[in-house]
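Trainee: Take a look at final.txt, compact mmCIF, C-alpha atoms and all ligand atoms:
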# COMPACT_ATOMS: atom_id res chain seq x y z
CA MET N 8 161.48 61.46 123.66
CA SER N 9 159.02 59.08 122.03
CA GLU N 10 160.12 55.73 120.57
CA ASN N 11 160.51 57.18 117.10
CA ASN N 12 162.23 60.28 118.52
CA HIS N 13 159.71 62.60 116.88
CA LEU N 14 158.29 65.35 119.02
CA VAL N 15 156.01 68.34 118.56
CA TYR N 16 156.79 71.29 120.80
CA LEU N 17 153.81 73.57 121.39
CA VAL N 18 155.57 76.85 122.05
CA GLY N 19 154.29 80.23 123.18
CA ALA N 20 155.96 83.13 121.38
CA GLY N 21 154.64 85.81 123.73
CA PRO N 22 153.03 89.07 122.57
CA GLY N 23 155.60 90.24 120.03
CA ASP N 24 158.73 91.58 121.73
CA PRO N 25 161.40 88.94 120.97
CA ASP N 26 163.04 89.68 124.33
CA LEU N 27 159.94 88.19 125.96
CA LEU N 28 160.55 84.75 124.47
CA THR N 29 161.53 82.19 127.07
CA VAL N 30 165.07 80.79 126.88
CA LYS N 31 163.54 77.41 126.07
CA ALA N 32 161.40 78.83 123.25
CA LEU N 33 164.44 80.46 121.67
CA ARG N 34 166.51 77.27 121.93
CA LEU N 35 163.74 75.20 120.33
CA ILE N 36 163.20 77.73 117.55
CA GLN N 37 166.89 77.57 116.74
CA GLN N 38 167.02 73.76 116.77
CA ALA N 39 163.74 72.83 115.05
CA ASP N 40 163.50 71.02 111.72
CA VAL N 41 160.16 72.68 110.95
CA ILE N 42 158.31 75.65 112.43
CA VAL N 43 154.56 75.94 112.00
CA TYR N 44 153.49 79.43 112.98
CA ASP N 45 150.54 81.77 113.34
CA ARG N 46 149.71 85.34 112.34
CA LEU N 47 150.43 86.75 115.79
CA VAL N 48 154.05 85.58 115.82
CA SER N 49 155.94 88.81 115.27
CA GLU N 50 158.42 89.48 112.48
CA PRO N 51 161.41 89.98 114.84
CA ILE N 52 160.69 86.53 116.29
CA LEU N 53 160.49 84.98 112.82
CA GLU N 54 163.87 86.53 112.10
CA LEU N 55 165.35 84.33 114.83
CA ILE N 56 164.55 81.21 112.78
CA PRO N 57 167.72 79.88 111.11
CA SER N 58 167.65 80.31 107.34
CA GLY N 59 167.71 76.56 106.64
CA THR N 60 164.68 75.76 108.80
CA LYS N 61 161.46 74.91 107.00
CA ARG N 62 158.62 77.34 107.88
CA VAL N 63 154.92 76.76 107.42
CA TYR N 64 152.48 79.66 107.87
CA VAL N 65 149.01 78.63 109.02
CA GLY N 66 147.83 82.00 110.31
CA LYS N 67 144.24 83.04 110.62
CA ALA N 68 143.26 86.66 110.15
CA PRO N 69 139.94 87.72 111.68
CA GLY N 70 137.20 86.72 109.23
CA GLN N 71 139.49 84.96 106.78
CA HIS N 72 140.77 81.50 107.56
CA HIS N 73 144.02 80.58 105.92
CA MET N 74 143.90 76.96 107.04
CA ASP N 75 141.20 75.47 109.21
CA GLN N 76 141.93 73.87 112.56
CA ASP N 77 141.42 70.28 111.37
CA ASP N 78 143.95 70.82 108.59
CA ILE N 79 146.46 72.30 111.04
CA ASN N 80 146.03 69.30 113.36
CA ALA N 81 146.51 66.89 110.48
CA LEU N 82 149.55 68.80 109.25
CA LEU N 83 151.25 68.55 112.65
CA VAL N 84 150.76 64.79 112.73
CA LYS N 85 152.02 64.45 109.17
CA LEU N 86 155.11 66.56 109.89
CA ALA N 87 155.80 64.56 113.05
CA LYS N 88 156.13 61.41 110.95
CA THR N 89 158.96 62.78 108.86
CA ASN N 90 160.75 65.29 111.10
CA ARG N 91 162.49 64.91 114.43
CA SER N 92 161.59 68.24 115.94
CA ILE N 93 158.55 70.32 115.06
CA VAL N 94 157.91 73.63 116.76
CA ARG N 95 154.29 74.75 116.70
CA LEU N 96 154.74 78.44 117.44
CA LYS N 97 151.75 80.48 118.57
CA GLY N 98 151.31 84.05 119.79
CA GLY N 99 151.15 84.66 123.54
CA ASP N 100 150.44 81.46 125.44
CA PRO N 101 148.96 78.68 123.29
CA PHE N 102 146.70 77.48 126.13
CA ILE N 103 145.04 80.89 126.52
CA PHE N 104 142.53 81.54 123.74
CA GLY N 105 145.06 79.93 121.41
CA ARG N 106 143.56 76.51 120.62
CA GLY N 107 146.82 75.00 121.88
CA SER N 108 144.93 72.50 124.00
CA GLU N 109 142.90 71.38 120.96
CA GLU N 110 146.11 70.71 119.07
CA ALA N 111 147.65 68.94 122.07
CA LEU N 112 144.58 66.71 122.44
CA TYR N 113 144.69 65.78 118.77
CA LEU N 114 148.39 64.91 118.99
CA VAL N 115 147.75 62.71 122.03
CA GLN N 116 144.86 60.97 120.27
CA GLN N 117 147.10 60.31 117.26
CA GLY N 118 149.88 58.94 119.45
CA VAL N 119 152.23 61.84 118.74
CA GLN N 120 154.26 62.96 121.72
CA PHE N 121 154.34 66.65 122.57
CA GLU N 122 155.95 69.04 125.02
CA TYR N 123 154.55 72.38 126.06
CA VAL N 124 156.41 75.66 126.47
CA PRO N 125 154.23 78.42 127.94
CA GLY N 126 154.50 81.92 126.59
CA ILE N 127 153.69 85.29 128.09
CA THR N 128 150.04 85.90 127.39
CA ALA N 129 148.75 89.22 126.06
CA ALA N 130 146.97 90.07 129.32
CA ALA N 131 150.22 89.92 131.28
CA ALA N 132 152.41 91.59 128.67
CA CYS N 133 150.16 94.28 127.20
CA SER N 134 148.94 95.52 130.56
CA ALA N 135 152.51 95.60 131.88
CA TYR N 136 153.75 97.49 128.80
CA ALA N 137 150.96 100.02 129.33
CA GLY N 138 151.86 100.50 133.01
CA ILE N 139 148.77 98.70 134.31
CA PRO N 140 149.21 96.20 137.15
CA LEU N 141 146.48 93.57 136.86
CA THR N 142 146.16 93.34 140.65
CA HIS N 143 147.02 95.87 143.33
CA ARG N 144 146.56 95.51 147.07
CA GLY N 145 143.34 97.21 148.13
CA VAL N 146 142.25 97.86 144.53
CA ALA N 147 141.89 94.59 142.60
CA ARG N 148 142.00 91.16 144.18
CA SER N 149 141.27 89.08 141.10
CA VAL N 150 141.61 89.08 137.33
CA ARG N 151 139.30 87.60 134.70
CA LEU N 152 140.55 86.73 131.20
CA ILE N 153 137.55 86.80 128.88
CA THR N 154 136.98 86.32 125.19
CA GLY N 155 135.07 89.17 123.61
CA HIS N 156 134.66 87.18 120.42
CA CYS N 157 131.47 85.50 119.30
CA LYS N 158 130.02 84.24 116.04
CA ALA N 159 129.01 87.00 113.61
CA ASN N 160 125.57 88.43 114.40
CA HIS N 161 125.35 86.55 117.70
CA PRO N 162 125.16 88.30 121.07
CA LEU N 163 127.99 87.77 123.53
CA GLU N 164 126.77 85.22 126.03
CA LEU N 165 128.70 86.22 129.12
CA ASN N 166 127.65 86.19 132.76
CA TRP N 167 127.56 89.98 133.04
CA LYS N 168 126.49 89.99 136.70
CA SER N 169 129.53 87.98 137.71
CA LEU N 170 131.80 90.23 135.65
CA ALA N 171 130.53 93.48 137.15
CA ASP N 172 132.72 93.35 140.25
CA LYS N 173 134.59 96.51 141.23
CA GLU N 174 137.49 94.55 142.73
CA THR N 175 138.07 92.38 139.67
CA THR N 176 140.17 93.45 136.69
CA LEU N 177 138.55 92.38 133.41
CA VAL N 178 140.76 91.62 130.44
CA PHE N 179 139.01 91.07 127.11
CA TYR N 180 140.80 89.32 124.27
CA MET N 181 139.41 89.75 120.74
CA GLY N 182 136.92 92.29 122.06
CA ILE N 183 137.32 95.31 119.78
CA ALA N 184 134.42 94.56 117.45
CA ASN N 185 132.07 93.92 120.36
CA LEU N 186 133.22 96.73 122.63
CA PRO N 187 129.97 98.75 122.39
CA GLU N 188 128.04 95.68 123.58
CA LEU N 189 130.61 94.94 126.30
CA LYS N 190 130.30 98.48 127.57
CA THR N 191 126.51 98.51 127.59
CA GLU N 192 126.15 95.13 129.29
CA LEU N 193 128.78 95.82 131.96
CA ILE N 194 127.16 99.13 132.86
CA LYS N 195 123.71 97.52 132.87
CA ALA N 196 125.07 94.84 135.21
CA GLY N 197 126.27 97.46 137.69
CA LEU N 198 129.80 98.57 136.76
CA ALA N 199 130.17 102.36 136.95
CA ALA N 200 130.33 104.14 133.60
CA SER N 201 133.36 106.00 135.00
CA THR N 202 135.34 102.77 135.60
CA PRO N 203 138.82 103.27 134.13
CA ALA N 204 139.32 101.30 130.92
CA ALA N 205 142.17 100.91 128.46
CA VAL N 206 142.92 99.47 125.08
CA ILE N 207 146.39 98.32 124.05
CA GLU N 208 147.07 97.73 120.36
CA ASN N 209 150.14 95.73 119.22
CA GLY N 210 151.29 95.51 122.82
CA SER N 211 155.04 95.18 123.52
CA THR N 212 156.00 95.97 119.92
CA PRO N 213 157.43 99.17 118.42
CA ARG N 214 153.92 99.79 117.05
CA GLN N 215 152.24 99.71 120.45
CA ARG N 216 149.54 102.32 120.99
CA HIS N 217 147.47 102.46 124.10
CA CYS N 218 144.67 104.64 125.21
CA ILE N 219 143.42 105.23 128.75
CA SER N 220 139.80 106.24 129.12
CA THR N 221 136.63 105.20 130.93
CA LEU N 222 134.27 102.32 130.27
CA SER N 223 131.62 104.61 128.80
CA GLU N 224 134.01 106.53 126.57
CA LEU N 225 136.35 103.78 125.39
CA PRO N 226 134.35 102.70 122.29
CA ALA N 227 134.35 106.25 120.91
CA GLU N 228 138.08 106.65 121.66
CA ILE N 229 138.90 103.40 119.88
CA GLU N 230 136.94 104.49 116.87
CA ARG N 231 138.56 107.93 116.87
CA LEU N 232 142.06 106.45 117.02
CA GLY N 233 141.31 103.69 114.50
CA ILE N 234 142.54 100.99 116.89
CA GLN N 235 142.64 97.59 115.23
CA SER N 236 143.36 93.98 116.04
CA PRO N 237 145.41 92.73 117.80
CA ALA N 238 144.22 94.80 120.70
CA LEU N 239 143.41 94.03 124.30
CA ILE N 240 140.85 95.75 126.53
CA VAL N 241 141.41 96.16 130.26
CA VAL N 242 138.63 97.37 132.55
CA GLY N 243 139.03 98.13 136.23
CA ASP N 244 140.36 100.63 138.74
CA VAL N 245 143.94 99.38 138.24
CA VAL N 246 143.93 101.10 134.84
CA SER N 247 144.38 104.42 136.66
CA PHE N 248 147.91 103.40 137.64
CA ALA N 249 148.96 103.88 134.01
CA ASP N 250 149.06 107.64 134.63
CA GLU N 251 152.08 107.11 136.87
CA LEU N 252 153.43 103.73 135.78
CA SER N 253 153.44 104.02 131.99
CA TRP N 254 157.08 103.34 131.10
CA PHE N 255 157.25 101.83 127.60
CA ARG N 256 158.26 104.25 124.87
CA PRO N 257 157.88 102.52 121.50
CA GLN N 258 160.81 103.49 119.30
CA ALA N 259 159.34 103.24 115.84
CA GLY N 260 156.76 105.95 116.31
CA ALA N 261 156.70 106.66 112.58
CA ASP N 262 153.09 105.58 112.17
CA ILE N 263 151.84 107.26 115.34
CA ASP N 264 150.68 110.82 114.92
CA THR N 265 151.34 113.49 117.54
CA GLU N 266 147.79 113.57 118.79
CA GLN N 267 147.87 109.86 119.47
CA GLN N 268 151.27 110.07 121.11
CA ALA N 269 149.91 112.69 123.47
CA ILE N 270 147.26 110.21 124.54
CA GLU N 271 149.83 107.56 125.23
CA ASN N 272 152.27 109.71 127.17
C1 LIG N 301 143.35 84.36 119.37
S1 LIG N 301 143.80 85.37 120.73
C2 LIG N 301 145.37 84.69 121.10
C3 LIG N 301 145.84 85.00 122.50
C4 LIG N 301 147.22 84.44 122.80
N1 LIG N 301 147.19 83.01 122.82
C5 LIG N 301 147.76 84.97 124.12
O1 LIG N 301 147.95 84.20 125.06
O2 LIG N 301 148.01 86.17 124.20
C6 LIG N 301 144.20 86.87 119.92
C7 LIG N 301 143.92 88.08 120.77
O3 LIG N 301 144.92 88.24 121.77
C8 LIG N 301 145.14 89.62 122.01
N2 LIG N 301 146.54 89.91 121.67
C9 LIG N 301 147.49 89.04 121.35
N3 LIG N 301 148.68 89.66 121.16
C10 LIG N 301 148.45 90.97 121.36
C11 LIG N 301 149.27 92.13 121.32
N4 LIG N 301 150.57 92.08 121.03
N5 LIG N 301 148.68 93.32 121.59
C12 LIG N 301 147.39 93.42 121.90
N6 LIG N 301 146.57 92.35 121.96
C13 LIG N 301 147.09 91.14 121.71
C14 LIG N 301 144.17 90.38 121.12
O4 LIG N 301 143.00 90.61 121.86
C15 LIG N 301 143.93 89.38 120.02
O5 LIG N 301 142.70 89.63 119.35
Could I get this structure in the form of structure tokens?
Ligand SMILES: C[S@@+](CC[C@H](N)C(=O)[O-])C[C@H]1O[C@@H](n2cnc3c(N)ncnc32)[C@H](O)[C@@H]1O

Mentor:
Amino acid sequence: MSENNHLVYLVGAGPGDPDLLTVKALRLIQQADVIVYDRLVSEPILELIPSGTKRVYVGKAPGQHHMDQDDINALLVKLAKTNRSIVRLKGGDPFIFGRGSEEALYLVQQGVQFEYVPGITAAAACSAYAGIPLTHRGVARSVRLITGHCKANHPLELNWKSLADKETTLVFYMGIANLPELKTELIKAGLAASTPAAVIENGSTPRQRHCISTLSELPAEIERLGIQSPALIVVGDVVSFADELSWFRPQAGADIDTEQQAIEN
């Protein structure tokens, strides 16, 4: 611990299922003085916070910023001055498209000590909960984690040629809005239109829906099903394994209609 015994723990909360929290994450959540958390931290995980612990919500919904990143950074430093243990809880793994490294850098620059607790990132969890192995001998020998997000009205500036590799599984975070462009560019760059592709919405939670399709047909399927954020897109031959390996049966199917359930099962 630092000289003044104040420490910020940057903690990954995983994709939503509280059983996917690490033992260390759970212990820190239960011992923290303050918890600063994001929108993607699920309700069942928030329920694990003891009632006397101070909570601060700094979530950002797509398009509407609750608190900007500079303010969050400043808040963490301020809290570290007056509290012994601060848990900065973020969805998935904070170092994967989570700005966790930006927060860590700011803390270091301000002389605030931090520790890092990795979480299960959406790519690992959502694909697994949809029965999709990200690699498989003889089918996929590498995985790319890619952001499908870009500034409004800007094209996605990705190296499409390097992405269009039949033996690489592509996992797009924040890609729903730009899926039509992703599809067009990947096919233009050489990926077959028939490449298996999936979307997983609210992965690992009782509200999980997933849809297995092809690269060319996925945008229409997503629109038809009304899939919304948070959702992850997986493209590659490994997606076909979901036909046999799909195992997760969300329990709270109340908001899933029969037609959609048929797609999932
Ligand atoms: C800002 S990124 C944060 C990623 C996070 N740090 C991680 O490691 O998973 C948010 C995106 O992650 C994906 N995501 C996170 N949790 C998800 C979930 N439970 N189901 C589907 N996608 C999820 C979605 O693509 C979402 O738009």

Trainee: Suppose you want the space between atom CA of N:Arg144 and atom CA of N:Val245; what is it in Å?

Mentor: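 Separating atom CA of N:Arg144 from atom CA of N:Val245 is a distance of 10.0 Å.
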
Trainee: Counting only C-alpha atoms and all ligand atoms, figure out which residue out of N:Glu110, N:Glu122, N:Asp77, N:Glu208 gets nearest to ligand LIG 301 (chain N).

Mentor: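 Result for the nearest residue to ligand LIG 301 (chain N): N:Glu208.
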
Trainee: Can you tell me which residues surround N:Thr89 at a distance of at most 10 Å, considering only C-alpha atoms, apart from same-chain residues fewer than 5 positions away, and format the answer as an NGL selection string?

Mentor: :N and (13 or 40 or 84)

Trainee: Write the selection just made, keeping C-alpha atoms, as a compact mmCIF listing (two decimals), keeping the file's coordinate frame?

Mentor:
# COMPACT_ATOMS: atom_id res chain seq x y z
CA HIS N 13 159.71 62.60 116.88
CA ASP N 40 163.50 71.02 111.72
CA VAL N 84 150.76 64.79 112.73

Trainee: Quick one, how far is atom CA of N:Val15 from atom CA of N:Val115?

Mentor: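 Between these atoms lies a distance of 10.6 Å.
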
Trainee: With all atoms listed in the file as the atoms that count, which of N:Arg231, N:Lys88, N:Arg46, N:Arg151 lies nearest to ligand LIG 301 (chain N)?

Mentor: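 Distance minimum relative to ligand LIG 301 (chain N) lands on N:Arg46.
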
Trainee: Return the single residue from N:Ile42, N:Val124, N:Ala87, N:Val178 that is closest to ligand LIG 301 (chain N), with distances computed using all atoms listed in the file.

Mentor: N:Val178

Trainee: Give me, please, the distance in Å between atom CA of N:Gly19 and atom CA of N:Val119, quoted to one decimal.

Mentor: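 The value is 19.0 Å.
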
Trainee: Can you write out as CSV which residues of chain N fall within 7 Å of ligand LIG 301 (chain N), alongside each residue's closest atom pair and its distance in Å to one decimal, counting only C-alpha atoms and all ligand atoms and ordering rows by chain and ascending residue number?

Mentor:
residue,atom,partner,partner_atom,distance
N:Gly21,CA,N:LIG301,O2,6.7
N:Pro22,CA,N:LIG301,N4,4.2
N:Gly23,CA,N:LIG301,N4,5.4
N:Leu47,CA,N:LIG301,N3,6.4
N:Lys97,CA,N:LIG301,N1,6.7
N:Gly98,CA,N:LIG301,C4,5.1
N:Gly99,CA,N:LIG301,C5,3.5
N:Asp100,CA,N:LIG301,O1,3.7
N:Pro101,CA,N:LIG301,N1,4.7
N:Phe102,CA,N:LIG301,N1,6.5
N:Ile103,CA,N:LIG301,O1,4.6
N:Phe104,CA,N:LIG301,C3,4.9
N:Gly105,CA,N:LIG301,N1,4.0
N:Ile127,CA,N:LIG301,O1,6.6
N:Thr128,CA,N:LIG301,O1,3.6
N:Ala129,CA,N:LIG301,O2,3.6
N:Ala130,CA,N:LIG301,O2,6.5
N:Cys133,CA,N:LIG301,N5,5.9
N:Phe179,CA,N:LIG301,O4,6.6
N:Tyr180,CA,N:LIG301,O4,3.5
N:Met181,CA,N:LIG301,O5,3.6
N:Gly182,CA,N:LIG301,O4,6.3
N:Ile207,CA,N:LIG301,C12,5.4
N:Glu208,CA,N:LIG301,C12,4.6
N:Asn209,CA,N:LIG301,N5,3.7
N:Gly210,CA,N:LIG301,N5,3.6
N:Ser211,CA,N:LIG301,N4,6.0
N:Thr212,CA,N:LIG301,N4,6.8
N:Ser236,CA,N:LIG301,O5,5.5
N:Pro237,CA,N:LIG301,C14,4.3
N:Ala238,CA,N:LIG301,N6,3.6
N:Leu239,CA,N:LIG301,O4,4.2

Trainee: Would you please work out which residue, of N:Gln76, N:Thr221, N:Asp244, N:Pro125, is nearest to N:Glu109 when using only C-alpha atoms?

Mentor: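 So, comparing all the options, the nearest one is N:Gln76.
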
Trainee: Which of these residues is nearest to N:Val241, using all atoms listed in the file: N:Thr154, N:Trp167, N:Glu188, N:Phe255?

Mentor: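 Among the listed residues, N:Thr154 lies closest to N:Val241.
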
Trainee: Can you work out which one of N:Ile229, N:Ala135, N:Ala111, N:Leu27 has the shortest atom-to-atom distance to N:Ile52, counting only C-alpha atoms?

Mentor: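 Residue with the minimum atom-to-atom distance to N:Ile52: N:Leu27.
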